[in-house]
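Peer 1: Below is the structure I would like to discuss, written out as structure tokens.
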Amino acid sequence: MNIYVRLVYRNLRANLDRISLFFELVFPLFFIFVQGFALSELVTPFDIGNGRVISYQLFLAAGAITLTVINSGTNAGTQLWYDRKNGMFEQLLMGPFTRLQYILSIILATLIIGIASSLLVFLIALPVLGGALYLSLQSVFLTGLALFLGTMFFGSFALALSVALKSSESFNIVSTFTFFIFLFTSSVFYPANKAPPVIQSVSLLNPLTYATDLLRAGLFDSMTPFISTELTLLTVETIVIFTIAVLAFRRIRV
Amino acid sequence: MASGSFAVNVKDLSKRFGDKVAVDSVSFEVKRSEVFGFLGPNGAGKTTTIKMLTTLLPPTSGQAKILGLDLRSEGKKIRQRIGVVQQQDSFDQGLNVETSMNLYGLIWDVPKQERRRRIDELIERFEMQEFRKKQVVDLSGGQRRRLQVAREFIHDMDLLFLDEPTVGLDPLARRAFLDFFKEKVKDGLTIFFTTHIIEEAEYLCDRIAVMNEGRIVEIDTPGNLKRRFGSAKAVEFRLLEGASKNLVKALSSSEVVNKLVLDELSGTYRATTSKPELVIPELYRLADKLSLHISSIYIAETTLEDAFISLVKNGSGNDSSHVHSGESYAAASPPRGSFKEAE
């Protein structure tokens, strides 16, 4: 059996906390069905690009799907912390793999969790998304790419964080705080291009903005001239953070 | 012997952490199908050495070949042929014992049927039947340790590193593991073994390296270490009458007694000697002459622990005659009581 299949299977079996996974799913659904529902009465439908006018609930539903990307990213760091806490990290590094294979197996397991969670949220949110959905080869490709790159970015980010921090408690606090910043300076909850200039500038550095914009463009056909630039920037940011995570991991002190 | 005949061949291996030298230019070889013991006090550098030899830590300097493979450039090939039982716990949480073993076999790519067979065999051999379905997090320390050691035998290997593998095990489980290791060595496995339990090292190891402050102080067979660095034998005895200055005076002047001390707490005399077979008749002769009665007497054998303590406290180059004399005696002997020079 392929080495990655073995390691990914092991990561999924050994390090997944079912209760955490459940709440990671509940979290975005809460935004869609409670916050989105409540605020759609207050916020008038608006144009998200390409002449597509949608309700706030739909706007938030797409954002909430990308939220699963952040949650899954946290999972990557948690997997590593479980292994470190339980002594399996060193045990595996003395096993018949390379460090790169081990870190990639965590990223791959994270991708599986991320994409599966997003699909599940998407399916549950279908009654809300309903007829507004735009389905084409391009939309599926864009949506898939947004989820893939987003999970890769946040998975790598969480891994780099968990390597840098010295305890699982610090990891939990710091990752919650930083992901909070990512979340509220992105276009998950509001159109970032309509925010005050300072927040707009920050959102332009934020990979979650790009992942969310790409996903919305895919789901609602709201293609703007900036989508290809956003895709390029998200790809570059993902490659950079992934490289940092791998380098940090290779230098990890055992 | 050609380097290919060695399972481990280490030359001037060192590891520094900043200014601290954890392992200082150690050199040694481990023959194939040998049990090589690594003894040393806490912080001696044993675990750091193991971490280097298992490719977990890069050495600062020096060279090593593991199973004929270069430590620096052939790490993955080495890891494919070794097994490691770490000093610290290692387990997958959220799994039961059987699943945990199965998953470990899977990541080592052991075929499913073979995994099943080995798991059943190991579970039976190490008496883990009653907790085979129990969650690993719910196991006692000893049970978890049993799982950790047994689990390593799911996969094939040529060289096994055991870093204090029996910590937390009861004496029966400990002996079962040691005997199992011996069987595996007969089948061709090489074992690199560290422990704090001297009796274990003596029972299992063909050769022992004593390490202290990052350096290897001595390497030899357990028998030779005892002979070269163990304290002399001692005749320990008690008198019905308690202390006797006349006996002490007479025995101290005897040529066959190196030193005579008294444990005031227990009232036991300890006569250090290299010839206990001469001391005993002499003792009875003197007791008879002085109308004293010996209530108990026995010969205390030299132990590997004596040799170990002597080596760690005094370093190598101190032969046994040095250990026998004067102040070295206390250092060379295990703490059995408060012995004081008899007057």
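Chain identifiers are assigned as A, B, and so on, following the order in which chains appear in the structure tokens; residues are numbered from 1 within each chain, and ligands are numbered from 1 in order of appearance.
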Near chain B, which residues of chain A fall within 7 Å when you count only C-alpha atoms, and what do they look like as an mmCIF file with C-alpha atoms, in the first residue's frame?

Peer 2:
data_model
loop_
_atom_site.group_PDB
_atom_site.id
_atom_site.type_symbol
_atom_site.label_atom_id
_atom_site.label_comp_id
_atom_site.auth_asym_id
_atom_site.auth_seq_id
_atom_site.Cartn_x
_atom_site.Cartn_y
_atom_site.Cartn_z
ATOM 1 C CA MET A 1 0.000 0.000 0.000
ATOM 2 C CA ARG A 6 -1.083 4.385 5.060
ATOM 3 C CA LEU A 7 -0.095 7.571 6.863
ATOM 4 C CA ARG A 10 -3.523 6.465 10.317
ATOM 5 C CA ALA A 14 -5.861 8.006 15.313
ATOM 6 C CA ASN A 86 1.304 11.213 22.938
ATOM 7 C CA GLY A 87 4.893 10.514 21.908
ATOM 8 C CA MET A 88 3.841 9.299 18.463
ATOM 9 C CA GLN A 91 7.954 7.360 17.076
ATOM 10 C CA LEU A 93 9.882 10.113 12.698
ATOM 11 C CA MET A 94 11.893 6.993 13.549
ATOM 12 C CA GLY A 95 9.629 4.995 11.239
ATOM 13 C CA PRO A 96 10.139 4.143 7.569
ATOM 14 C CA PHE A 97 9.158 7.583 6.249
ATOM 15 C CA THR A 98 10.705 10.969 5.667
#

Peer 1: Hey, what's within 10 Å of stretch 193-205 of chain A if we count only C-alpha atoms and toss same-chain stuff fewer than 3 positions away? As a list in words, please?

Peer 2: Ile181, Phe182, Leu183, Phe184, Thr185, Ser186, Ser187, Tyr190, Leu208, Thr209, Tyr210, Glu230, Leu233, Leu234 and Glu237 of chain A

Peer 1: Show which residues sit within 12 Å of A:Ile244, as a list in words. Count only C-alpha atoms, and ignore same-chain residues fewer than 4 positions away.

Peer 2: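 My list of contacting residues is Phe153, Gly155, Ser156, Phe157, Ala158, Leu159, Ala160, Leu161, Val163, Ala164, Glu237, Thr238, Ile239, Val240, Ala248, Phe249, Arg250 and Arg251 of chain A.
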
Peer 1: Would you kindly return, as a CSV table (one decimal) with N, CA and C atoms, in the first residue's frame, each protein, DNA or RNA residue with an atom no farther than 7 Å from any atom of stretch 19-34 of chain A, considering only C-alpha atoms and excluding same-chain residues fewer than 6 positions away?

Peer 2:
chain,number,residue,atom,x,y,z
A,57,GLN,N,-28.2,36.4,3.2
A,57,GLN,CA,-28.1,35.0,3.7
A,57,GLN,C,-27.3,34.2,2.7
A,60,LEU,N,-23.7,35.2,3.0
A,60,LEU,CA,-23.0,34.6,4.2
A,60,LEU,C,-22.9,33.1,4.1
A,61,ALA,N,-23.8,32.4,3.4
A,61,ALA,CA,-23.7,31.0,3.2
A,61,ALA,C,-22.4,30.6,2.5
A,64,ALA,N,-19.7,31.1,4.9
A,64,ALA,CA,-19.6,30.0,5.9
A,64,ALA,C,-19.0,28.7,5.4
A,65,ILE,N,-19.2,28.5,4.1
A,65,ILE,CA,-18.6,27.3,3.6
A,65,ILE,C,-17.1,27.4,3.6
A,67,LEU,N,-15.6,29.0,5.8
A,67,LEU,CA,-15.2,28.9,7.2
A,67,LEU,C,-14.7,27.5,7.6
A,68,THR,N,-15.3,26.5,6.9
A,68,THR,CA,-14.8,25.1,7.2
A,68,THR,C,-13.4,24.9,6.8
A,71,ASN,N,-11.5,25.9,9.9
A,71,ASN,CA,-11.6,24.9,10.9
A,71,ASN,C,-10.8,23.7,10.6
A,117,SER,N,-15.9,18.3,4.8
A,117,SER,CA,-16.8,19.1,5.7
A,117,SER,C,-17.5,20.2,4.8
A,121,VAL,N,-21.4,20.8,4.5
A,121,VAL,CA,-22.1,22.1,4.8
A,121,VAL,C,-22.8,22.6,3.6

Peer 1: Could you tell me how far atom CA of A:Val8 sits from atom CA of B:Phe126, in Å to one decimal place?

Peer 2: 29.7 Å

Peer 1: Identify, with DSSP run on backbone atoms, the residues in stretch 43-199 of chain B assigned to strand (DSSP E), and express the list as a PyMOL selection string.

Peer 2: chain B and resi 61-66+69-70+82-85+159-163+190-194

Peer 1: Please produce an output containing N, CA and C atoms for each residue in the selection, written as a PDB file, in the first residue's frame.

Peer 2:
ATOM      1  N   SER B  61      29.086  16.125  15.112  1.00  0.00           N
ATOM      2  CA  SER B  61      30.278  15.662  14.402  1.00  0.00           C
ATOM      3  C   SER B  61      30.420  14.156  14.598  1.00  0.00           C
ATOM      4  N   GLY B  62      31.318  13.589  13.805  1.00  0.00           N
ATOM      5  CA  GLY B  62      31.564  12.151  13.913  1.00  0.00           C
ATOM      6  C   GLY B  62      30.819  11.362  12.852  1.00  0.00           C
ATOM      7  N   GLN B  63      31.061  10.060  12.857  1.00  0.00           N
ATOM      8  CA  GLN B  63      30.459   9.200  11.836  1.00  0.00           C
ATOM      9  C   GLN B  63      29.829   7.987  12.491  1.00  0.00           C
ATOM     10  N   ALA B  64      28.867   7.424  11.772  1.00  0.00           N
ATOM     11  CA  ALA B  64      28.287   6.163  12.257  1.00  0.00           C
ATOM     12  C   ALA B  64      27.693   5.395  11.092  1.00  0.00           C
ATOM     13  N   LYS B  65      27.823   4.106  11.169  1.00  0.00           N
ATOM     14  CA  LYS B  65      27.149   3.229  10.206  1.00  0.00           C
ATOM     15  C   LYS B  65      26.202   2.327  10.988  1.00  0.00           C
ATOM     16  N   ILE B  66      24.969   2.292  10.506  1.00  0.00           N
ATOM     17  CA  ILE B  66      23.963   1.427  11.128  1.00  0.00           C
ATOM     18  C   ILE B  66      23.610   0.368  10.094  1.00  0.00           C
ATOM     19  N   LEU B  69      24.843   1.046   6.807  1.00  0.00           N
ATOM     20  CA  LEU B  69      24.338   2.232   6.098  1.00  0.00           C
ATOM     21  C   LEU B  69      24.819   3.501   6.795  1.00  0.00           C
ATOM     22  N   ASP B  70      25.110   4.512   5.982  1.00  0.00           N
ATOM     23  CA  ASP B  70      25.633   5.749   6.542  1.00  0.00           C
ATOM     24  C   ASP B  70      24.535   6.538   7.261  1.00  0.00           C
ATOM     25  N   ILE B  82      15.088  -0.734  11.320  1.00  0.00           N
ATOM     26  CA  ILE B  82      15.247  -0.719  12.782  1.00  0.00           C
ATOM     27  C   ILE B  82      13.884  -0.618  13.477  1.00  0.00           C
ATOM     28  N   GLY B  83      13.889  -0.947  14.740  1.00  0.00           N
ATOM     29  CA  GLY B  83      12.712  -0.721  15.573  1.00  0.00           C
ATOM     30  C   GLY B  83      13.169   0.084  16.782  1.00  0.00           C
ATOM     31  N   VAL B  84      12.250   0.867  17.335  1.00  0.00           N
ATOM     32  CA  VAL B  84      12.620   1.692  18.483  1.00  0.00           C
ATOM     33  C   VAL B  84      11.511   1.661  19.533  1.00  0.00           C
ATOM     34  N   VAL B  85      11.894   1.349  20.754  1.00  0.00           N
ATOM     35  CA  VAL B  85      10.968   1.534  21.873  1.00  0.00           C
ATOM     36  C   VAL B  85      11.539   2.684  22.690  1.00  0.00           C
ATOM     37  N   LEU B 159      17.597  -4.522  13.735  1.00  0.00           N
ATOM     38  CA  LEU B 159      18.209  -3.897  14.911  1.00  0.00           C
ATOM     39  C   LEU B 159      17.111  -3.208  15.721  1.00  0.00           C
ATOM     40  N   LEU B 160      17.126  -3.468  17.018  1.00  0.00           N
ATOM     41  CA  LEU B 160      16.091  -2.878  17.873  1.00  0.00           C
ATOM     42  C   LEU B 160      16.736  -2.029  18.958  1.00  0.00           C
ATOM     43  N   PHE B 161      16.287  -0.788  19.046  1.00  0.00           N
ATOM     44  CA  PHE B 161      16.749   0.104  20.109  1.00  0.00           C
ATOM     45  C   PHE B 161      15.702   0.085  21.229  1.00  0.00           C
ATOM     46  N   LEU B 162      16.143  -0.295  22.399  1.00  0.00           N
ATOM     47  CA  LEU B 162      15.230  -0.337  23.546  1.00  0.00           C
ATOM     48  C   LEU B 162      15.734   0.658  24.596  1.00  0.00           C
ATOM     49  N   ASP B 163      15.003   1.749  24.752  1.00  0.00           N
ATOM     50  CA  ASP B 163      15.431   2.773  25.698  1.00  0.00           C
ATOM     51  C   ASP B 163      14.610   2.633  26.986  1.00  0.00           C
ATOM     52  N   THR B 190      19.590  -7.892  16.541  1.00  0.00           N
ATOM     53  CA  THR B 190      20.579  -7.191  17.369  1.00  0.00           C
ATOM     54  C   THR B 190      19.823  -6.200  18.249  1.00  0.00           C
ATOM     55  N   ILE B 191      20.236  -6.125  19.505  1.00  0.00           N
ATOM     56  CA  ILE B 191      19.521  -5.217  20.427  1.00  0.00           C
ATOM     57  C   ILE B 191      20.490  -4.225  21.060  1.00  0.00           C
ATOM     58  N   PHE B 192      20.051  -2.982  21.028  1.00  0.00           N
ATOM     59  CA  PHE B 192      20.778  -1.898  21.689  1.00  0.00           C
ATOM     60  C   PHE B 192      19.906  -1.485  22.869  1.00  0.00           C
ATOM     61  N   PHE B 193      20.410  -1.685  24.071  1.00  0.00           N
ATOM     62  CA  PHE B 193      19.538  -1.694  25.245  1.00  0.00           C
ATOM     63  C   PHE B 193      20.021  -0.732  26.316  1.00  0.00           C
ATOM     64  N   THR B 194      19.152   0.178  26.727  1.00  0.00           N
ATOM     65  CA  THR B 194      19.538   1.007  27.873  1.00  0.00           C
ATOM     66  C   THR B 194      18.596   0.720  29.032  1.00  0.00           C
TER      67      THR B 194
END
